[in-house]
2 protein chains.
Amino acid sequence: MSEVREKAALAKEAARTMNRLTTEQKNEALALMADALIAESAVILEANAKDLARGRQEGTSESLLDRLALNEKRIGGIAEGLRQIIDLPDPTGRLLEETTRPNGLVIRKYTVPLGVIGIVYEARPNVTVDAAGLCLKSGNSVVLRGGSAALESNKAIVGVMHRALSRSALPPESLQLIESSDRSSVDELLKLNGLLDVIIPRGGRSLIQNVVQNATVPVIETGEGVCHTYLDEEADPVKADPIVINAKVQRPSVCNSLETLLVHERYAGLHLSALSGKLKEHGVELRGCAKSRTLVPWMGEAADTDWRTEYNDLILSVKVVSGLDEALEHIRTYGTLHSECIVTEHADRAERFLREVDAAAVYHNASTRFTDGFEFGYGAEIGISTQKLHARGPMGLPALTSTKYVVHGSGQIRG
Amino acid sequence: MSEVREKAALAKEAARTMNRLTTEQKNEALALMADALIAESAVILEANAKDLARGRQEGTSESLLDRLALNEKRIGGIAEGLRQIIDLPDPTGRLLEETTRPNGLVIRKYTVPLGVIGIVYEARPNVTVDAAGLCLKSGNSVVLRGGSAALESNKAIVGVMHRALSRSALPPESLQLIESSDRSSVDELLKLNGLLDVIIPRGGRSLIQNVVQNATVPVIETGEGVCHTYLDEEADPVKADPIVINAKVQRPSVCNSLETLLVHERYAGLHLSALSGKLKEHGVELRGCAKSRTLVPWMGEAADTDWRTEYNDLILSVKVVSGLDEALEHIRTYGTLHSECIVTEHADRAERFLREVDAAAVYHNASTRFTDGFEFGYGAEIGISTQKLHARGPMGLPALTSTKYVVHGSGQIRG
């Protein structure tokens, strides 16, 4: 039996125990894991140093090396993240509905763990801990397949967490790490129907699309965000400028940051030049349509690919539009159903935008950067769903549950 | 552009209008559709006669011809089904959550239509109408791809419904029928990411598995049901016999009917012979394990494949087990996560069964035949989900919705 199938089978077997644990038992395990990450940080840092050394040898970019790198402070932050999950309510065992039918059948609908969750992600060791914490707290087993550039770090981290679990009521087999660096181990994972209940990809577009295109296990698509902000004819520049600047520059590498600015032609004539200057001061490279470049001659030229691109960087594409209809049409064509914003003082146009734009989160007069589990008040998230099935937007613990009908009878048969 | 892509694109375009309709407008359209099916039944029956004639010519089995056949009474029943959907509450536009954040952002979570739903099904013209009614009532566009043996009937039915829609506020393009009989039209539909939001297969195992294995669009897996009933050592035969007989014989062709009976060895020694006799009187063929055949020598022999088979017929496999553990293990190995039952007067064992069995619906002392939208009190259903994502068990109108976060601000930016 392959490593992937064997570990998934162990995770499934462990899921039976996971389903019977109390909230206290799960929280205790998370606390033990958090403590162990701190206590055994030397082991983790040593492994991380090996990954970093190999990465440098192989010419990995500095930004990727930065995502991979751990230190005492980062490990402390990761452990703190686990402790925050302890404070979140247990999403399982909640009674959602209860009805007594005329024939006396009592039908109850409860939340239950999904079972076994597969996570496919890039070389970010923090995801190893976050995903494990969220899956275990929600009563699931988890099979992790992280980027091979972080393999030594992940092995060390999972080793530490396994030792912690072995001192808890949770079966250590509920947490599995695929160690094979071969791409075929991902392919195999994606087709483990019957062992995995869902796969959640976390990473860039190509990783996500590989999962979506090849999985036969149900997938929750996350993360790609070509987010727009539309400055309406009646936008208030006092609100518009900070919203645009914040959405673009506060953390450009994340999915809810702004990629394309749409501006009503009359508003653009009055205010685009000043806003562009401010963005430039923040180090943003602008790429505009022909009309924007008439108004702001120093702006670069946007190609069709720009409208489709999630830059994740200090680059912004800019398009001047004739009005709300053209803005909606542009978002329909190029949006990724993530987060979209209108800035306007005109209530009816705001309502039309909020109603007609198809996205996980739609905003009126606020930065798209708020699409986030913590900002929405839900706490840690496993990702931001950009599909419409099961969960949409920030996915916290409730997104890691399913439901089950439990029916009590006294001999009822169907007539 | 292919027929499939063109029709899906029209459906997607129409979905924008669908999302803005009132409940009254949708209900009016359903009423017009129901009236038209009755008024134009002659057109439908004429087309149906062509399908039936071709089916007979091609040697189609009587049971399949029966599923395909329409008459005035059946059309009346189908139209009545549409009218029942009118009475169901509109699942869209419901406010699920509302929070005001410390920074003043008001975050609301609403139910919204999924968008465009693909339905892949067999040669059952009633599904054409049921699925259209449920999808349109929930504000979705729908792309239907029915079995080619019912093509003439489906064309006539959709023609009638289109004429009705053209007299309503709904865009007729919201309802699309793929007319190509080529298998490649299904393959194409399964990969229309960006145009379809979900595909729901309705039919037998091979149809469902084809969709699950080949779709890149998210799928809701439905319907396969290898359902078990376990007669515990402390089962009350006064309840057990009617429950087993009802679950097996009341309608053996459907997914929630009983396929495998598990019997505690002590209970079997006392009661299996009598129960087997009753089942035989109902025309049920029994296929048993070695132990069952010792107790009921006239029983046929069960092969390993029997435990995996959804007979959908008057056949029942029977296994004598040493107790609850072996019953749970058998269900874990061979169950399809649909509906499972324990018959016992022992409360703790009942609770353990209900908790540990992983299925959409688990029963204590009642027939598994109750897993059904109407029996659960939810009304018409689009199918019974046997997966854990998005919806589980009978899927009524709420399963055809997604959610959307609508955020109102006054210039908030993220710190």
# chains A, B, ... in the order shown; residues from 1 in each chain; ligands from 1
$ closest_atom_pairs --of "chain A" --to "chain B" --cutoff "6 Å" --atoms "only C-alpha atoms" --output "JSON lines"
{"residue": "A:Gln213", "atom": "CA", "partner": "B:Thr216", "partner_atom": "CA", "distance": 5.3}
{"residue": "A:Thr216", "atom": "CA", "partner": "B:Gln213", "partner_atom": "CA", "distance": 5.3}
{"residue": "A:Lys239", "atom": "CA", "partner": "B:Gly411", "partner_atom": "CA", "distance": 4.8}
{"residue": "A:Ile243", "atom": "CA", "partner": "B:Ile413", "partner_atom": "CA", "distance": 5.8}
{"residue": "A:Ala360", "atom": "CA", "partner": "B:Lys404", "partner_atom": "CA", "distance": 5.2}
{"residue": "A:Ala361", "atom": "CA", "partner": "B:Tyr405", "partner_atom": "CA", "distance": 4.5}
{"residue": "A:Val362", "atom": "CA", "partner": "B:Val406", "partner_atom": "CA", "distance": 5.1}
{"residue": "A:Tyr363", "atom": "CA", "partner": "B:Val407", "partner_atom": "CA", "distance": 4.7}
{"residue": "A:His364", "atom": "CA", "partner": "B:His408", "partner_atom": "CA", "distance": 4.9}
{"residue": "A:Asn365", "atom": "CA", "partner": "B:Gly409", "partner_atom": "CA", "distance": 4.9}
{"residue": "A:Ala366", "atom": "CA", "partner": "B:Gln412", "partner_atom": "CA", "distance": 4.8}
{"residue": "A:Ser367", "atom": "CA", "partner": "B:Ile413", "partner_atom": "CA", "distance": 5.2}
{"residue": "A:Lys388", "atom": "CA", "partner": "B:Ser402", "partner_atom": "CA", "distance": 5.4}
{"residue": "A:Leu389", "atom": "CA", "partner": "B:His390", "partner_atom": "CA", "distance": 5.6}
{"residue": "A:His390", "atom": "CA", "partner": "B:His390", "partner_atom": "CA", "distance": 3.6}
{"residue": "A:Ser402", "atom": "CA", "partner": "B:Lys388", "partner_atom": "CA", "distance": 5.4}
{"residue": "A:Lys404", "atom": "CA", "partner": "B:Ala360", "partner_atom": "CA", "distance": 5.2}
{"residue": "A:Tyr405", "atom": "CA", "partner": "B:Ala361", "partner_atom": "CA", "distance": 4.5}
{"residue": "A:Val406", "atom": "CA", "partner": "B:Val362", "partner_atom": "CA", "distance": 5.1}
{"residue": "A:Val407", "atom": "CA", "partner": "B:Tyr363", "partner_atom": "CA", "distance": 4.7}
{"residue": "A:His408", "atom": "CA", "partner": "B:His364", "partner_atom": "CA", "distance": 4.9}
{"residue": "A:Gly409", "atom": "CA", "partner": "B:Asn365", "partner_atom": "CA", "distance": 5.0}
{"residue": "A:Ser410", "atom": "CA", "partner": "B:Asn365", "partner_atom": "CA", "distance": 5.3}
{"residue": "A:Gly411", "atom": "CA", "partner": "B:Lys239", "partner_atom": "CA", "distance": 4.8}
{"residue": "A:Gln412", "atom": "CA", "partner": "B:Ala366", "partner_atom": "CA", "distance": 4.8}
{"residue": "A:Ile413", "atom": "CA", "partner": "B:Ser367", "partner_atom": "CA", "distance": 5.2}
$ select_by_dssp --residues "segment 59-236 of chain B" --states "alpha helix (DSSP H)" --output "ChimeraX atom specification"
/B:62-68,72-87,125-137,151-166,183-190,205-214
$ closest_residue --among "A:Gly77, A:Ser138, A:Asp35, A:Ser2" --to "Leu21 of chain A" --atoms "only C-alpha atoms"
A:Ser138
$ select_by_dssp --residues "segment 180-272 of chain A" --states "strand (DSSP E or B)" --output "ChimeraX atom specification"
/A:193,196,198-202,219,222,227-231,258-264
$ write_last_selection --atoms "C-alpha atoms" --output "PDB file, in the first residue's frame"
ATOM      1  CA  ASN A 193     -12.764   8.861  -2.507  1.00  0.00           C
ATOM      2  CA  LEU A 196     -11.061  11.545   2.319  1.00  0.00           C
ATOM      3  CA  VAL A 198     -12.966  16.804   1.335  1.00  0.00           C
ATOM      4  CA  ILE A 199      -9.785  18.403   0.034  1.00  0.00           C
ATOM      5  CA  ILE A 200      -8.980  22.030   0.704  1.00  0.00           C
ATOM      6  CA  PRO A 201      -6.184  23.560  -1.362  1.00  0.00           C
ATOM      7  CA  ARG A 202      -4.325  26.525   0.106  1.00  0.00           C
ATOM      8  CA  VAL A 219     -13.041  20.185  -3.088  1.00  0.00           C
ATOM      9  CA  THR A 222     -10.209  28.870  -1.910  1.00  0.00           C
ATOM     10  CA  CYS A 227     -10.725  41.992  -6.252  1.00  0.00           C
ATOM     11  CA  HIS A 228     -12.182  45.242  -7.611  1.00  0.00           C
ATOM     12  CA  THR A 229     -13.146  48.567  -6.108  1.00  0.00           C
ATOM     13  CA  TYR A 230     -15.512  50.761  -8.116  1.00  0.00           C
ATOM     14  CA  LEU A 231     -15.446  54.498  -7.493  1.00  0.00           C
ATOM     15  CA  LEU A 258      -7.226  45.208  -4.446  1.00  0.00           C
ATOM     16  CA  GLU A 259      -6.055  44.332  -7.961  1.00  0.00           C
ATOM     17  CA  THR A 260      -8.192  46.474 -10.276  1.00  0.00           C
ATOM     18  CA  LEU A 261      -9.604  49.929  -9.683  1.00  0.00           C
ATOM     19  CA  LEU A 262     -12.703  50.874 -11.697  1.00  0.00           C
ATOM     20  CA  VAL A 263     -13.485  54.583 -11.845  1.00  0.00           C
ATOM     21  CA  HIS A 264     -16.530  56.403 -13.178  1.00  0.00           C
TER      22      HIS A 264
END
$ residues_around --residues "Lys155 of chain A" --least-positions-apart "4" --cutoff "9 Å" --atoms "only C-alpha atoms" --output "list in words"
Ile44, Ala47, Ala150, Leu151, Gly159, Val160, Leu177 and Glu179 of chain A
$ write_last_selection --atoms "N, CA and C atoms" --output "compact mmCIF listing (two decimals), in the first residue's frame"
# COMPACT_ATOMS: atom_id res chain seq x y z
N ILE A 44 12.56 22.10 15.82
CA ILE A 44 11.89 22.65 14.64
C ILE A 44 12.82 23.60 13.89
N ALA A 47 15.48 21.74 11.88
CA ALA A 47 14.94 21.20 10.62
C ALA A 47 14.68 22.32 9.62
N ALA A 150 9.36 22.67 2.30
CA ALA A 150 9.24 22.78 3.76
C ALA A 150 9.20 21.42 4.44
N LEU A 151 9.61 20.38 3.73
CA LEU A 151 9.40 19.02 4.24
C LEU A 151 10.06 18.78 5.58
N GLY A 159 6.11 15.88 14.09
CA GLY A 159 6.69 15.02 15.13
C GLY A 159 6.40 15.58 16.52
N VAL A 160 6.61 16.87 16.67
CA VAL A 160 6.33 17.52 17.96
C VAL A 160 4.85 17.38 18.31
N LEU A 177 1.00 13.39 7.99
CA LEU A 177 1.76 14.22 7.05
C LEU A 177 2.30 13.32 5.93
N GLU A 179 4.90 12.50 3.38
CA GLU A 179 6.31 12.91 3.29
C GLU A 179 6.87 12.78 1.87
$ atom_distance --atom1 "atom CA of Ala290 of chain B" --atom2 "atom CA of Tyr311 of chain B"
20.3 Å
$ atom_distance --atom1 "atom CA of Ala380 of chain B" --atom2 "atom CA of Tyr121 of chain B"
17.0 Å
$ residues_around --residues "Asp304 of chain B" --least-positions-apart "6" --cutoff "12 Å" --atoms "only C-alpha atoms" --output "NGL selection string"
:B and (287-289 or 317-319 or 330 or 333-334)
$ residues_around --residues "Gly269 of chain A" --least-positions-apart "2" --cutoff "10 Å" --atoms "only C-alpha atoms" --output "number ranges by chain"
A: 263-267, 271-273, 291-292, 294-296, 320
$ write_last_selection --atoms "C-alpha atoms" --output "PDB file, in the first residue's frame"
ATOM      1  CA  VAL A 263     -13.485  54.583 -11.845  1.00  0.00           C
ATOM      2  CA  HIS A 264     -16.530  56.403 -13.178  1.00  0.00           C
ATOM      3  CA  GLU A 265     -15.414  58.730 -15.981  1.00  0.00           C
ATOM      4  CA  ARG A 266     -16.712  61.896 -14.322  1.00  0.00           C
ATOM      5  CA  TYR A 267     -15.161  61.003 -10.963  1.00  0.00           C
ATOM      6  CA  HIS A 271     -10.038  62.877  -8.762  1.00  0.00           C
ATOM      7  CA  LEU A 272      -8.026  60.143 -10.519  1.00  0.00           C
ATOM      8  CA  SER A 273      -4.902  62.251 -10.877  1.00  0.00           C
ATOM      9  CA  LYS A 291      -8.766  56.735 -20.824  1.00  0.00           C
ATOM     10  CA  SER A 292      -6.928  56.594 -17.501  1.00  0.00           C
ATOM     11  CA  THR A 294      -5.147  60.414 -20.854  1.00  0.00           C
ATOM     12  CA  LEU A 295      -5.865  61.656 -17.339  1.00  0.00           C
ATOM     13  CA  VAL A 296      -2.647  60.341 -15.764  1.00  0.00           C
ATOM     14  CA  VAL A 320     -12.206  54.259 -16.444  1.00  0.00           C
TER      15      VAL A 320
END
$ closest_residue --among "A:Leu64, A:Val226, A:Ala42, A:Met33" --to "Val158 of chain A" --atoms "only C-alpha atoms"
A:Met33
$ atom_distance --atom1 "atom CA of Cys135 of chain B" --atom2 "atom CA of Gly373 of chain B"
15.6 Å
$ residues_around --residues "Gly283 of chain A" --least-positions-apart "4" --cutoff "9 Å" --atoms "only C-alpha atoms" --output "VMD selection string"
chain A and resid 249 278 to 279 314 to 315
